[in-house]
file input_20.txt (compact mmCIF, C-alpha atoms)
# COMPACT_ATOMS: atom_id res chain seq x y z
CA MET A 75 2.43 44.02 -13.36
CA LEU A 76 0.64 42.93 -10.20
CA LEU A 77 -0.23 39.63 -11.85
CA MET A 78 3.38 39.03 -12.77
CA ILE A 79 4.40 39.58 -9.15
CA GLU A 80 1.67 37.19 -8.09
CA ALA A 81 2.93 34.59 -10.55
CA ALA A 82 6.39 34.94 -9.04
CA GLY A 83 4.80 34.72 -5.58
CA LEU A 84 3.04 31.46 -6.46
CA LEU A 85 6.28 30.00 -7.77
CA CYS A 86 8.06 31.04 -4.56
CA LEU A 87 5.24 29.49 -2.53
CA ALA A 88 5.53 26.22 -4.46
CA VAL A 89 9.32 26.15 -4.06
CA ALA A 90 9.06 27.00 -0.37
CA LEU A 91 6.48 24.26 0.23
CA ALA A 92 8.45 21.65 -1.70
CA GLY A 93 11.71 22.72 -0.06
CA PRO A 94 12.13 24.27 3.40
CA VAL A 95 8.51 23.83 4.54
CA SER A 96 8.52 20.09 3.72
CA ALA A 97 11.93 19.70 5.29
CA GLY A 98 10.75 21.48 8.44
CA LEU A 99 7.54 19.48 8.63
CA ALA A 100 9.50 16.23 8.20
CA ARG A 101 11.64 17.21 11.21
CA ALA A 102 8.79 18.58 13.33
CA ALA A 103 8.27 16.65 16.55
CA TRP A 104 4.72 17.83 17.20
CA THR A 105 3.33 15.74 14.34
CA THR A 106 3.83 12.56 16.39
CA ARG A 107 1.62 14.10 19.09
CA ASP A 108 -1.24 14.43 16.62
CA PRO A 109 -0.62 12.31 13.52
CA ARG A 110 -3.99 13.21 12.03
CA ALA A 111 -3.33 16.95 12.13
CA GLY A 112 0.17 16.29 10.82
CA LEU A 113 -1.18 14.31 7.87
CA VAL A 114 -3.75 17.01 7.05
CA LEU A 115 -0.98 19.61 6.99
CA TRP A 116 1.18 17.35 4.81
CA GLN A 117 -1.71 16.98 2.38
CA ALA A 118 -2.22 20.76 2.31
CA VAL A 119 1.50 21.31 1.72
CA GLY A 120 1.49 18.81 -1.15
CA LEU A 121 -1.70 20.12 -2.72
CA GLY A 122 -0.71 23.75 -2.17
CA GLY A 123 2.69 23.16 -3.75
CA GLY A 124 1.19 21.42 -6.77
CA LEU A 125 -1.50 24.04 -7.30
CA GLY A 126 1.10 26.75 -6.72
CA ILE A 127 3.36 25.63 -9.53
CA LEU A 128 0.45 24.98 -11.92
CA GLY A 129 -1.07 28.35 -11.01
CA ALA A 130 2.22 30.21 -11.39
CA GLY A 131 2.48 29.27 -15.07
CA LEU A 132 -1.15 30.14 -15.81
CA THR A 133 -0.89 33.44 -13.96
CA LEU A 134 2.27 34.39 -15.84
CA ALA A 135 0.51 33.69 -19.14
CA ALA A 136 -2.60 35.59 -18.03
CA SER A 137 -0.48 38.58 -16.99
CA THR A 138 0.52 39.14 -20.63
CA LEU A 139 -3.15 39.43 -21.68
CA ASP A 140 -4.93 41.35 -18.91
CA ASP A 141 -4.33 43.17 -15.64
CA ARG A 142 -6.87 41.08 -13.81
CA TRP A 143 -6.52 37.35 -13.18
CA LEU A 144 -9.87 35.83 -14.17
CA PRO A 145 -10.29 37.87 -17.40
CA GLY A 146 -6.68 37.07 -18.28
CA ILE A 147 -7.25 33.34 -17.84
CA ALA A 148 -10.52 33.57 -19.79
CA LYS A 149 -8.71 35.22 -22.71
CA LEU A 150 -5.97 32.54 -22.82
CA PRO A 151 -7.65 29.96 -25.11
CA GLY A 152 -8.52 32.58 -27.73
CA HIS A 153 -5.20 34.40 -27.68
CA LEU A 154 -2.60 31.64 -27.81
CA ALA A 155 -1.24 33.06 -31.07
CA GLY A 156 -0.63 36.45 -29.50
CA LEU A 157 1.30 35.17 -26.47
CA GLY A 158 4.82 36.47 -26.08
CA VAL A 159 7.81 34.58 -24.76
CA ALA A 160 6.71 35.07 -21.15
CA GLY A 161 3.20 33.89 -21.98
CA TRP A 162 4.43 30.73 -23.65
CA ALA A 163 6.86 30.07 -20.83
CA GLY A 164 3.90 30.19 -18.42
CA VAL A 165 1.67 27.92 -20.53
CA GLY A 166 4.62 25.57 -21.08
CA LEU A 167 5.35 25.34 -17.35
CA THR A 168 1.75 24.54 -16.45
CA LEU A 169 1.28 22.03 -19.26
CA THR A 170 4.60 20.26 -18.67
CA VAL A 171 4.16 19.92 -14.93
CA GLY A 172 0.44 19.14 -15.20
CA VAL A 173 0.79 16.43 -17.83
CA TRP A 174 3.85 14.91 -16.14
CA LEU A 175 2.10 14.86 -12.76
CA ALA A 176 -1.03 13.29 -14.25
CA VAL A 177 0.88 10.62 -16.18
CA VAL A 178 3.14 9.64 -13.28
CA THR A 179 0.19 9.51 -10.86
CA GLN A 180 -1.84 7.38 -13.25
CA VAL A 181 1.02 4.97 -13.93
CA SER A 182 1.84 4.62 -10.25
CA MET A 183 -1.82 4.04 -9.30
CA THR A 184 -2.34 1.48 -12.05
CA ARG A 185 0.81 -0.35 -11.04
CA VAL A 186 -0.28 -0.54 -7.42
CA SER A 187 -3.79 -1.70 -8.16
CA LEU A 188 -2.59 -4.41 -10.56
CA ALA A 189 -0.01 -5.68 -8.07
CA ARG A 190 -2.61 -5.66 -5.31
CA ARG A 191 -5.19 -7.52 -7.32
CA ALA A 192 -2.68 -10.16 -8.37
CA HIS A 193 -1.58 -10.59 -4.77
CA ARG A 194 -5.16 -10.78 -3.50
CA GLN A 195 -6.07 -13.46 -6.03
CA ARG A 196 -3.03 -15.56 -5.16
CA LEU A 197 -3.68 -15.05 -1.48
CA ASP A 198 -7.32 -16.05 -1.74
CA ALA A 199 -6.31 -19.32 -3.38
CA VAL A 200 -4.56 -20.59 -0.24
CA ALA A 201 -5.49 -18.38 2.68
CA GLU A 202 -8.02 -19.78 5.08
CA ILE A 203 -10.46 -17.36 6.62
CA LEU A 204 -9.75 -17.66 10.31
CA ASP A 205 -12.44 -19.37 12.29
CA PRO A 206 -13.75 -16.93 14.94
CA GLU A 207 -13.35 -19.80 17.39
CA ALA A 208 -9.65 -20.11 16.61
CA ARG A 209 -8.68 -17.63 19.33
CA ALA A 210 -11.59 -17.37 21.68
CA THR A 211 -10.81 -13.97 23.17
CA VAL A 212 -9.53 -12.29 20.01
CA PRO A 213 -11.84 -10.95 17.31
CA VAL A 214 -10.33 -12.78 14.33
CA GLY A 215 -13.39 -12.73 12.06
CA GLY A 216 -12.51 -12.18 8.41
CA VAL A 217 -8.76 -12.41 8.98
CA ARG A 218 -6.82 -14.45 6.40
CA LEU A 219 -4.37 -17.07 7.60
CA VAL A 220 -1.34 -18.01 5.50
CA ASP A 221 0.31 -21.28 6.47
CA HIS A 222 3.93 -20.16 6.76
CA PRO A 223 6.32 -20.42 9.70
CA ARG A 224 7.64 -16.84 9.40
CA ALA A 225 5.85 -14.41 11.70
CA VAL A 226 4.20 -11.81 9.49
CA ALA A 227 1.10 -9.65 9.73
CA TYR A 228 0.02 -7.20 7.08
CA CYS A 229 -2.84 -5.39 5.51
CA LEU A 230 -3.50 -5.57 1.79
CA PRO A 231 -5.43 -2.35 1.32
CA GLY A 232 -8.04 -1.55 -1.28
CA LEU A 233 -11.78 -1.68 -1.80
CA ARG A 234 -11.74 -5.31 -0.69
CA PRO A 235 -8.97 -5.18 1.92
CA ARG A 236 -7.41 -8.26 3.47
CA VAL A 237 -5.84 -8.45 6.88
CA VAL A 238 -3.36 -11.31 6.75
CA VAL A 239 -1.48 -13.16 9.48
CA SER A 240 0.87 -16.08 9.05
CA ARG A 241 0.83 -19.28 11.06
CA GLY A 242 4.16 -18.09 12.48
CA ALA A 243 2.55 -14.89 13.76
CA LEU A 244 -0.29 -16.85 15.36
CA THR A 245 2.31 -18.94 17.19
CA ALA A 246 4.53 -16.03 18.18
CA LEU A 247 1.82 -13.70 19.47
CA ASP A 248 -0.25 -14.18 22.58
CA ASP A 249 -3.92 -13.19 22.63
CA GLY A 250 -3.33 -9.60 23.68
CA GLU A 251 -0.57 -9.07 21.13
CA LEU A 252 -2.61 -10.64 18.34
CA ALA A 253 -5.61 -8.45 19.14
CA ALA A 254 -3.38 -5.36 19.05
CA VAL A 255 -1.82 -6.38 15.73
CA LEU A 256 -5.21 -7.00 14.16
CA ALA A 257 -6.60 -3.69 15.47
CA HIS A 258 -3.59 -1.92 13.93
CA GLU A 259 -4.02 -3.61 10.54
CA HIS A 260 -7.79 -3.13 10.50
CA ALA A 261 -7.19 0.58 11.12
CA HIS A 262 -5.00 0.71 7.98
CA ALA A 263 -7.70 -1.05 5.96
CA ARG A 264 -10.63 0.97 7.33
CA GLY A 265 -8.85 4.32 7.15
CA ARG A 266 -7.74 3.72 3.53
CA HIS A 267 -4.26 4.79 4.60
CA ASP A 268 -3.04 3.64 1.20
CA LEU A 269 -4.92 6.58 -0.34
CA VAL A 270 -3.15 8.98 2.03
CA ILE A 271 0.30 7.73 1.05
CA GLN A 272 -0.32 7.24 -2.67
CA PRO A 273 -0.20 10.93 -3.75
CA PHE A 274 3.10 11.42 -1.92
CA ILE A 275 4.60 8.42 -3.67
CA ALA A 276 3.38 9.86 -6.97
CA TRP A 277 4.85 13.23 -6.00
CA ALA A 278 8.18 11.62 -5.14
CA SER A 279 8.29 9.81 -8.46
CA THR A 280 7.30 12.96 -10.37
CA PHE A 281 10.18 14.89 -8.83
CA PRO A 282 12.75 12.18 -8.07
CA PHE A 283 15.49 14.83 -7.85
CA LEU A 284 13.79 16.47 -4.85
CA PRO A 285 15.23 15.06 -1.61
CA THR A 286 12.28 16.52 0.30
CA ALA A 287 9.85 14.44 -1.74
CA SER A 288 11.24 11.13 -0.48
CA ARG A 289 11.56 12.56 3.02
CA ALA A 290 7.87 13.48 2.77
CA VAL A 291 7.04 9.86 1.91
CA SER A 292 8.95 8.60 4.97
CA ALA A 293 7.31 11.17 7.24
CA VAL A 294 3.81 10.41 5.95
CA GLU A 295 4.45 6.67 6.25
CA LEU A 296 5.46 7.07 9.88
CA LEU A 297 2.40 9.23 10.66
CA VAL A 298 0.10 6.65 9.07
CA GLU A 299 1.67 3.95 11.27
CA LEU A 300 1.18 6.15 14.33
CA LEU A 301 -2.45 6.71 13.36
CA ALA A 302 -2.98 2.93 13.21
CA ASP A 303 -1.10 2.53 16.51
CA ASP A 304 -3.44 5.08 18.11
CA ALA A 305 -6.45 3.20 16.77
CA ALA A 306 -5.09 -0.06 18.22
CA ARG A 307 -4.42 1.67 21.54
CA ARG A 308 -8.07 2.60 21.87
CA THR A 309 -9.08 -1.07 22.16
CA CYS A 310 -5.85 -2.76 23.24
CA ARG A 311 -3.03 -2.29 25.69
CA PRO A 312 -0.05 -0.35 24.30
CA GLU A 313 2.39 -2.84 25.91
CA ASP A 314 0.80 -5.62 23.85
CA LEU A 315 1.34 -3.72 20.61
CA ARG A 316 4.89 -2.82 21.61
CA ARG A 317 5.76 -6.44 22.37
CA ALA A 318 4.13 -7.53 19.10
CA LEU A 319 6.32 -5.04 17.24
CA SER A 320 9.47 -6.59 18.58
CA ASP A 321 8.15 -10.13 18.05
CA LEU A 322 7.41 -9.46 14.41
CA ALA A 323 10.48 -7.35 13.68
CA PRO A 324 13.49 -9.50 12.84
CA ASP A 325 16.37 -9.19 15.31
CA HIS A 326 18.75 -7.51 12.94
CA VAL A 327 16.40 -4.55 12.41
CA THR A 328 17.40 -3.24 15.78
CA GLN A 329 21.04 -3.30 14.80
CA SER A 330 21.77 -0.39 12.53
CA ARG A 331 22.35 -1.70 9.05
CA HIS A 332 22.28 0.87 6.36
CA SER A 333 19.51 -0.63 4.24
CA ASP A 334 17.27 -1.04 7.25
CA SER A 335 18.04 2.19 9.05
CA ALA A 336 14.84 3.97 7.95
CA LEU A 337 12.79 1.03 9.13
CA ALA A 338 14.74 0.75 12.37
CA PHE A 339 14.12 4.45 12.98
CA GLN A 340 10.40 4.01 12.34
CA LEU A 341 10.15 1.02 14.66
CA ALA A 342 12.11 2.77 17.39
CA ALA A 343 9.90 5.85 17.09
CA ARG A 344 6.77 3.75 17.39
CA ALA A 345 8.06 1.63 20.25
CA SER A 346 9.11 4.62 22.34
CA ARG A 347 5.82 6.38 21.60
CA LEU A 348 3.90 3.30 22.75
CA ALA A 349 6.02 3.12 25.90
CA ALA A 350 5.56 6.80 26.75
CA PRO A 351 2.67 8.36 24.83
CA PRO A 352 3.29 12.08 24.24
CA ARG A 353 0.81 14.64 25.55
CA PRO A 354 -1.89 15.39 22.97
CA LEU A 355 -1.50 18.66 21.11
CA PRO A 356 -3.23 21.59 22.88
CA LEU A 357 -6.55 22.45 21.27
CA ALA A 358 -5.36 25.90 20.17
CA MET A 359 -2.32 24.44 18.46
CA ARG A 360 -4.44 21.83 16.72
CA ALA A 361 -6.86 24.50 15.52
CA LEU A 362 -3.89 26.51 14.25
CA VAL A 363 -2.65 23.56 12.21
CA TYR A 364 -6.04 23.00 10.58
CA VAL A 365 -6.44 26.75 9.87
CA ALA A 366 -2.97 26.80 8.29
CA ALA A 367 -3.88 23.79 6.14
CA VAL A 368 -7.08 25.41 4.89
CA ALA A 369 -5.30 28.74 4.34
CA LEU A 370 -2.60 27.06 2.25
CA ILE A 371 -5.25 25.80 -0.16
CA LEU A 372 -7.69 28.74 -0.15
CA LEU A 373 -5.55 31.87 0.22
CA PRO A 374 -3.67 31.81 -3.10
CA PRO A 375 -6.83 31.44 -5.25
CA ALA A 376 -8.59 34.08 -3.12
CA VAL A 377 -5.78 36.59 -3.68
CA LEU A 378 -5.76 35.84 -7.41
CA LEU A 379 -9.55 36.19 -7.77
CA LEU A 380 -9.52 39.51 -5.93
CA SER A 381 -6.79 40.99 -8.10
CA MET B 54 -18.05 -14.08 -10.42
CA ALA B 55 -18.51 -14.25 -6.70
CA GLY B 56 -16.83 -17.14 -4.93
CA SER B 57 -14.80 -18.29 -7.94
CA GLY B 58 -11.61 -17.77 -5.93
CA HIS B 59 -13.06 -20.08 -3.32
CA LEU B 60 -13.58 -22.83 -5.88
CA GLU B 61 -10.11 -22.40 -7.35
CA ARG B 62 -8.73 -22.78 -3.87
CA ALA B 63 -10.75 -25.94 -3.26
CA VAL B 64 -9.64 -27.54 -6.55
CA LEU B 65 -6.03 -26.53 -5.93
CA GLN B 66 -6.21 -28.17 -2.51
CA VAL B 67 -7.49 -31.39 -4.07
CA LEU B 68 -4.64 -31.35 -6.61
CA TRP B 69 -2.15 -30.74 -3.81
CA ASP B 70 -3.55 -33.76 -1.97
CA HIS B 71 -3.00 -35.93 -5.08
CA PRO B 72 0.52 -35.36 -6.39
CA GLU B 73 0.13 -38.39 -8.69
CA GLY B 74 -2.43 -36.47 -10.75
CA LEU B 75 -6.21 -36.67 -10.98
CA ALA B 76 -8.75 -36.92 -13.77
CA ALA B 77 -11.31 -34.13 -13.82
CA ARG B 78 -14.14 -36.54 -12.99
CA ASP B 79 -12.23 -37.69 -9.88
CA ILE B 80 -11.85 -34.13 -8.69
CA LEU B 81 -15.61 -33.69 -8.51
CA PRO B 82 -16.23 -36.26 -5.71
CA ALA B 83 -13.13 -35.04 -3.87
CA LEU B 84 -14.78 -31.63 -3.53
CA ASP B 85 -17.02 -33.13 -0.92
CA GLY B 86 -20.17 -31.38 0.09
CA ARG B 87 -20.35 -29.23 -3.04
CA ASP B 88 -23.07 -29.66 -5.60
CA LEU B 89 -21.11 -28.80 -8.73
CA ALA B 90 -21.49 -29.50 -12.42
CA MET B 91 -18.62 -31.18 -14.24
CA THR B 92 -18.35 -28.14 -16.53
CA THR B 93 -17.77 -25.91 -13.52
CA VAL B 94 -14.83 -28.05 -12.45
CA LEU B 95 -13.41 -27.93 -15.99
CA THR B 96 -13.78 -24.14 -16.04
CA VAL B 97 -11.96 -23.84 -12.74
CA LEU B 98 -9.20 -26.15 -14.01
CA ASP B 99 -8.86 -24.00 -17.12
CA ARG B 100 -8.55 -20.92 -14.99
CA LEU B 101 -5.87 -22.59 -12.84
CA ARG B 102 -3.98 -23.60 -15.98
CA ARG B 103 -4.12 -20.04 -17.30
CA LYS B 104 -2.58 -18.95 -14.01
CA HIS B 105 0.12 -21.63 -14.44
CA LEU B 106 -0.96 -23.23 -11.19
CA ALA B 107 -2.16 -26.46 -12.78
CA ALA B 108 -1.09 -28.51 -15.79
CA ARG B 109 -2.72 -31.25 -17.81
CA HIS B 110 -1.10 -34.41 -19.17
CA ASP B 111 -2.54 -34.75 -22.63
CA ASP B 112 -1.01 -38.14 -23.45
CA THR B 113 -3.03 -40.04 -20.85
CA ARG B 114 -6.66 -41.09 -21.12
CA PRO B 115 -8.40 -39.63 -19.24
CA HIS B 116 -6.32 -36.43 -19.06
CA LEU B 117 -4.66 -36.06 -15.70
CA TYR B 118 -4.42 -32.76 -13.90
CA PHE B 119 -1.52 -31.77 -11.61
CA ALA B 120 -0.63 -28.81 -9.47
CA THR B 121 2.49 -27.22 -11.00
CA VAL B 122 3.74 -25.79 -7.72
CA THR B 123 3.80 -27.33 -4.31
CA ARG B 124 1.68 -25.81 -1.61
CA GLU B 125 4.82 -24.76 0.30
CA ASP B 126 6.35 -22.98 -2.70
CA TYR B 127 3.10 -21.26 -3.52
CA VAL B 128 2.73 -19.95 0.03
CA ALA B 129 6.41 -18.97 0.19
CA ASP B 130 5.98 -17.05 -3.03
CA ILE B 131 3.03 -15.13 -1.62
CA MET B 132 5.13 -14.23 1.40
CA LEU B 133 7.98 -13.15 -0.85
CA ASP B 134 5.59 -11.03 -2.88
CA ALA B 135 4.23 -9.33 0.24
CA LEU B 136 7.66 -8.85 1.82
CA GLY B 137 9.19 -7.66 -1.46
CA GLN B 138 6.43 -5.15 -2.03
CA ALA B 139 7.06 -3.70 1.39
CA HIS B 140 10.42 -2.51 0.06
CA ASP B 141 9.05 -1.15 -3.13
CA ARG B 142 8.08 2.40 -2.36
CA GLN B 143 6.64 2.68 -5.82
CA ALA B 144 4.19 -0.08 -5.24
CA ALA B 145 3.31 0.45 -1.59
CA LEU B 146 1.26 -2.67 -1.90
CA VAL B 147 0.94 -3.56 1.73
CA ARG B 148 1.14 -1.91 5.09
CA PHE B 149 3.21 -3.98 7.46
CA LEU B 150 2.99 -3.95 11.16
CA GLY B 151 6.63 -4.33 11.96
CA GLY B 152 8.03 -3.92 8.54
CA VAL B 153 10.49 -6.25 6.90
CA THR B 154 14.06 -6.05 5.83
CA VAL B 155 16.11 -6.87 2.81
CA ALA B 156 17.56 -9.82 4.70
CA ASP B 157 14.05 -11.24 5.16
CA THR B 158 13.34 -11.30 1.48
CA ASP B 159 16.81 -12.67 0.76
CA ASP B 160 16.13 -15.60 3.09
CA LEU B 161 12.88 -16.41 1.36
CA ARG B 162 14.40 -15.96 -2.07
CA ARG B 163 17.14 -18.44 -1.15
CA ALA B 164 14.49 -20.90 -0.07
CA LEU B 165 12.80 -20.48 -3.43
CA ARG B 166 15.97 -20.75 -5.49
CA HIS B 167 14.89 -23.89 -7.28
CA TRP B 168 11.51 -22.68 -8.22
CA ARG B 169 10.53 -20.04 -10.74
CA PRO B 170 7.42 -18.07 -9.96
CA PRO B 171 4.45 -18.48 -12.30
CA ALA B 172 4.85 -16.65 -15.60
CA ASP B 173 1.74 -14.53 -15.09
CA ARG B 174 3.31 -12.36 -12.42
call {"tool": "encode", "arguments": {"input": "input_20.txt", "output": "structure tokens"}}
result
Amino acid sequence: MLLMIEAAGLLCLAVALAGPVSAGLARAAWTTRDPRAGLVLWQAVGLGGGLGILGAGLTLAASTLDDRWLPGIAKLPGHLAGLGVAGWAGVGLTLTVGVWLAVVTQVSMTRVSLARRAHRQRLDAVAEILDPEARATVPVGGVRLVDHPRAVAYCLPGLRPRVVVSRGALTALDDGELAAVLAHEHAHARGRHDLVIQPFIAWASTFPFLPTASRAVSAVELLVELLADDAARRTCRPEDLRRALSDLAPDHVTQSRHSDSALAFQLAARASRLAAPPRPLPLAMRALVYVAAVALILLPPAVLLLS
Amino acid sequence: MAGSGHLERAVLQVLWDHPEGLAARDILPALDGRDLAMTTVLTVLDRLRRKHLAARHDDTRPHLYFATVTREDYVADIMLDALGQAHDRQAALVRFLGGVTVADTDDLRRALRHWRPPADR
């Protein structure tokens, strides 16, 4: 009986994390004061939600075989024939969600890595590696230059990342702005921010009907940008990065067009944060966030193992 | 193979500098400062042809090699790829500094109207 209640509890936890908790976290203002803590909590919410729904099915199945969790799980493989409707519903839930999650994640990761490799190969065929002498006061070593008039700077992440600037960006940005842009992009490459975002994209494509899933992707994307902004701010002047943002963003982004509104919001959030950096999160609050993140992952299994 | 991309780039540059076409043996001296075997150049040319970046005229003797895309189109296509991927949440290929908009990619796509991207994409 207790196990069945716990199974229901896990399901509620998963639904709460995927629903109201994600929605609340997406709206929370404090995350911009400490993007790293915000991202850790997002990861815990995602992982906790996933484990919650997988665990709920297993626990429901185990509850039909034993009063205690671990012995119930251990009996599962040998007693599949004796499972009742509730037991099969549990096994079915876990298998369906687990397999679907694994397949979607794999497909999405393969797609990204193929697209990246193709892009990197094409890029390497024409991109010059910037001569460190090209901009005397800016550390441009290893940066790839694409000869195109449009001002663009980006990071192609991966094991062999590329930080790319166009000829247009070199022309449009002064030394300070260029240094800030490169620091921002190098932070993306070094921090493997692609790996932070990837699971949320997989999550959003596993549950495309969940509005919170796509909101989670937007929120995590913004936090990753803020993290890179913070890294750039440590070596460069925030005004330089802010001016670079407006130099590289096309004019019409600032006007609110529907298709660009998410991007416009992100740019506005970053620009205002660079202009007036928020106070860092108090230590106690930061500690609380990390404790909550760890608790989200560890508490459910602890409760199950003790019952 | 380390540095093979570098060689492909060098050969592609030579082909771009000679729109009238070049025989393989004339590519070798144009890659100045590199001590390469003829077979290496032929391998690189094969690789470029597989990527639909170079073509060979078989009815001339010696065979002439051409770049199938202009440098400008090739670069524009890379930009389009990067900008387009920035919209594709599924791919999340690149992290942009400022981000890009649909209008950006539309502009580039218009510029590329007369050119089809290589088939290996």
call {"tool": "closest_residue", "arguments": {"input": "input_20.txt", "among": "A:Ala148, A:Leu113, A:Ala208, A:Ile371", "to": "Leu269 in chain A", "atoms": "all atoms listed in the file"}}
result
A:Leu113
call {"tool": "axis_aligned_box", "arguments": {"input": "input_20.txt", "around": "range 306-316 of chain A", "padding_each_side": "4 Å", "output": "JSON"}}
result
{"center_x": -2.1, "center_y": -1.5, "center_z": 22.1, "size_x": 22.0, "size_y": 16.2, "size_z": 15.7}
call {"tool": "residues_around", "arguments": {"input": "input_20.txt", "residues": "Arg142 in chain A", "least_positions_apart": "6", "cutoff": "9 Å", "atoms": "all atoms listed in the file", "output": "short mmCIF file (atom, residue, chain, number, x, y, z; two decimals) with C-alpha atoms, keeping the file's coordinate frame"}}
result
data_model
loop_
_atom_site.label_atom_id
_atom_site.label_comp_id
_atom_site.auth_asym_id
_atom_site.auth_seq_id
_atom_site.Cartn_x
_atom_site.Cartn_y
_atom_site.Cartn_z
CA LEU A 76 0.64 42.93 -10.20
CA LEU A 77 -0.23 39.63 -11.85
CA ALA A 136 -2.60 35.59 -18.03
CA LEU A 378 -5.76 35.84 -7.41
CA LEU A 379 -9.55 36.19 -7.77
CA LEU A 380 -9.52 39.51 -5.93
CA SER A 381 -6.79 40.99 -8.10
#
call {"tool": "residues_near_point", "arguments": {"input": "input_20.txt", "point": "(7.0, -6.1, 18.6)", "cutoff": "10 Å", "atoms": "only C-alpha atoms", "output": "list in words"}}
result
Leu247, Glu251, Val255, Glu313, Asp314, Leu315, Arg316, Arg317, Ala318, Leu319, Ser320, Asp321, Leu322, Ala323, Pro324, Leu341, Arg344 and Ala345 of chain A; Leu150 and Gly151 of chain B
call {"tool": "interface_residues", "arguments": {"input": "input_20.txt", "of": "chain A", "to": "chain B", "cutoff": "6 Å", "atoms": "only C-alpha atoms", "output": "mmCIF file with C-alpha atoms, in the coordinates of the input"}}
result
data_model
loop_
_atom_site.group_PDB
_atom_site.id
_atom_site.type_symbol
_atom_site.label_atom_id
_atom_site.label_comp_id
_atom_site.auth_asym_id
_atom_site.auth_seq_id
_atom_site.Cartn_x
_atom_site.Cartn_y
_atom_site.Cartn_z
ATOM 1 C CA VAL A 186 -0.280 -0.540 -7.420
ATOM 2 C CA ARG A 190 -2.610 -5.660 -5.310
ATOM 3 C CA ALA A 199 -6.310 -19.320 -3.380
ATOM 4 C CA VAL A 200 -4.560 -20.590 -0.240
ATOM 5 C CA TYR A 228 0.020 -7.200 7.080
ATOM 6 C CA CYS A 229 -2.840 -5.390 5.510
ATOM 7 C CA LEU A 230 -3.500 -5.570 1.790
ATOM 8 C CA LEU A 319 6.320 -5.040 17.240
ATOM 9 C CA LEU A 322 7.410 -9.460 14.410
ATOM 10 C CA ALA A 323 10.480 -7.350 13.680
#
call {"tool": "residues_near_point", "arguments": {"input": "input_20.txt", "point": "(7.5, 12.8, -6.9)", "cutoff": "12 Å", "atoms": "all atoms listed in the file", "output": "PyMOL selection string"}}
result
(chain A and resi 92+120+123-124+171+174-179+182+271-291) or (chain B and resi 142-143)
call {"tool": "write_last_selection", "arguments": {"input": "input_20.txt", "atoms": "C-alpha atoms", "output": "mmCIF file, in the frame of the given file"}}
result
data_model
loop_
_atom_site.group_PDB
_atom_site.id
_atom_site.type_symbol
_atom_site.label_atom_id
_atom_site.label_comp_id
_atom_site.auth_asym_id
_atom_site.auth_seq_id
_atom_site.Cartn_x
_atom_site.Cartn_y
_atom_site.Cartn_z
ATOM 1 C CA ALA A 92 8.450 21.650 -1.700
ATOM 2 C CA GLY A 120 1.490 18.810 -1.150
ATOM 3 C CA GLY A 123 2.690 23.160 -3.750
ATOM 4 C CA GLY A 124 1.190 21.420 -6.770
ATOM 5 C CA VAL A 171 4.160 19.920 -14.930
ATOM 6 C CA TRP A 174 3.850 14.910 -16.140
ATOM 7 C CA LEU A 175 2.100 14.860 -12.760
ATOM 8 C CA ALA A 176 -1.030 13.290 -14.250
ATOM 9 C CA VAL A 177 0.880 10.620 -16.180
ATOM 10 C CA VAL A 178 3.140 9.640 -13.280
ATOM 11 C CA THR A 179 0.190 9.510 -10.860
ATOM 12 C CA SER A 182 1.840 4.620 -10.250
ATOM 13 C CA ILE A 271 0.300 7.730 1.050
ATOM 14 C CA GLN A 272 -0.320 7.240 -2.670
ATOM 15 C CA PRO A 273 -0.200 10.930 -3.750
ATOM 16 C CA PHE A 274 3.100 11.420 -1.920
ATOM 17 C CA ILE A 275 4.600 8.420 -3.670
ATOM 18 C CA ALA A 276 3.380 9.860 -6.970
ATOM 19 C CA TRP A 277 4.850 13.230 -6.000
ATOM 20 C CA ALA A 278 8.180 11.620 -5.140
ATOM 21 C CA SER A 279 8.290 9.810 -8.460
ATOM 22 C CA THR A 280 7.300 12.960 -10.370
ATOM 23 C CA PHE A 281 10.180 14.890 -8.830
ATOM 24 C CA PRO A 282 12.750 12.180 -8.070
ATOM 25 C CA PHE A 283 15.490 14.830 -7.850
ATOM 26 C CA LEU A 284 13.790 16.470 -4.850
ATOM 27 C CA PRO A 285 15.230 15.060 -1.610
ATOM 28 C CA THR A 286 12.280 16.520 0.300
ATOM 29 C CA ALA A 287 9.850 14.440 -1.740
ATOM 30 C CA SER A 288 11.240 11.130 -0.480
ATOM 31 C CA ARG A 289 11.560 12.560 3.020
ATOM 32 C CA ALA A 290 7.870 13.480 2.770
ATOM 33 C CA VAL A 291 7.040 9.860 1.910
ATOM 34 C CA ARG B 142 8.080 2.400 -2.360
ATOM 35 C CA GLN B 143 6.640 2.680 -5.820
#
call {"tool": "residues_around", "arguments": {"input": "input_20.txt", "residues": "Ala135 in chain A", "least_positions_apart": "4", "cutoff": "7 Å", "atoms": "all atoms listed in the file", "output": "NGL selection string"}}
result
:A and (131 or 160-162 or 164-165)
call {"tool": "residues_around", "arguments": {"input": "input_20.txt", "residues": "Arg191 in chain A", "least_positions_apart": "3", "cutoff": "12 Å", "atoms": "all atoms listed in the file", "output": "ChimeraX atom specification"}}
result
/A:184-188,194-198,230-236 /B:146-147,174
call {"tool": "closest_residue", "arguments": {"input": "input_20.txt", "among": "B:Asp126, B:Pro82, B:Asp112, B:Tyr118", "to": "Val97 in chain B", "atoms": "all atoms listed in the file"}}
result
B:Tyr118
call {"tool": "atom_distance", "arguments": {"input": "input_20.txt", "atom1": "CA of Ala243 in chain A", "atom2": "CA of His222 in chain A"}}
result
8.9 Å
call {"tool": "decode", "arguments": {"input": "input_20.txt", "residues": "range 151-155 of chain A", "atoms": "C-alpha atoms", "output": "mmCIF file, in the first residue's frame"}}
result
data_model
loop_
_atom_site.group_PDB
_atom_site.id
_atom_site.type_symbol
_atom_site.label_atom_id
_atom_site.label_comp_id
_atom_site.auth_asym_id
_atom_site.auth_seq_id
_atom_site.Cartn_x
_atom_site.Cartn_y
_atom_site.Cartn_z
ATOM 1 C CA PRO A 151 12.140 -9.791 -13.924
ATOM 2 C CA GLY A 152 11.138 -13.212 -12.585
ATOM 3 C CA HIS A 153 7.470 -12.439 -12.054
ATOM 4 C CA LEU A 154 6.395 -10.684 -15.242
ATOM 5 C CA ALA A 155 3.824 -13.421 -15.887
#
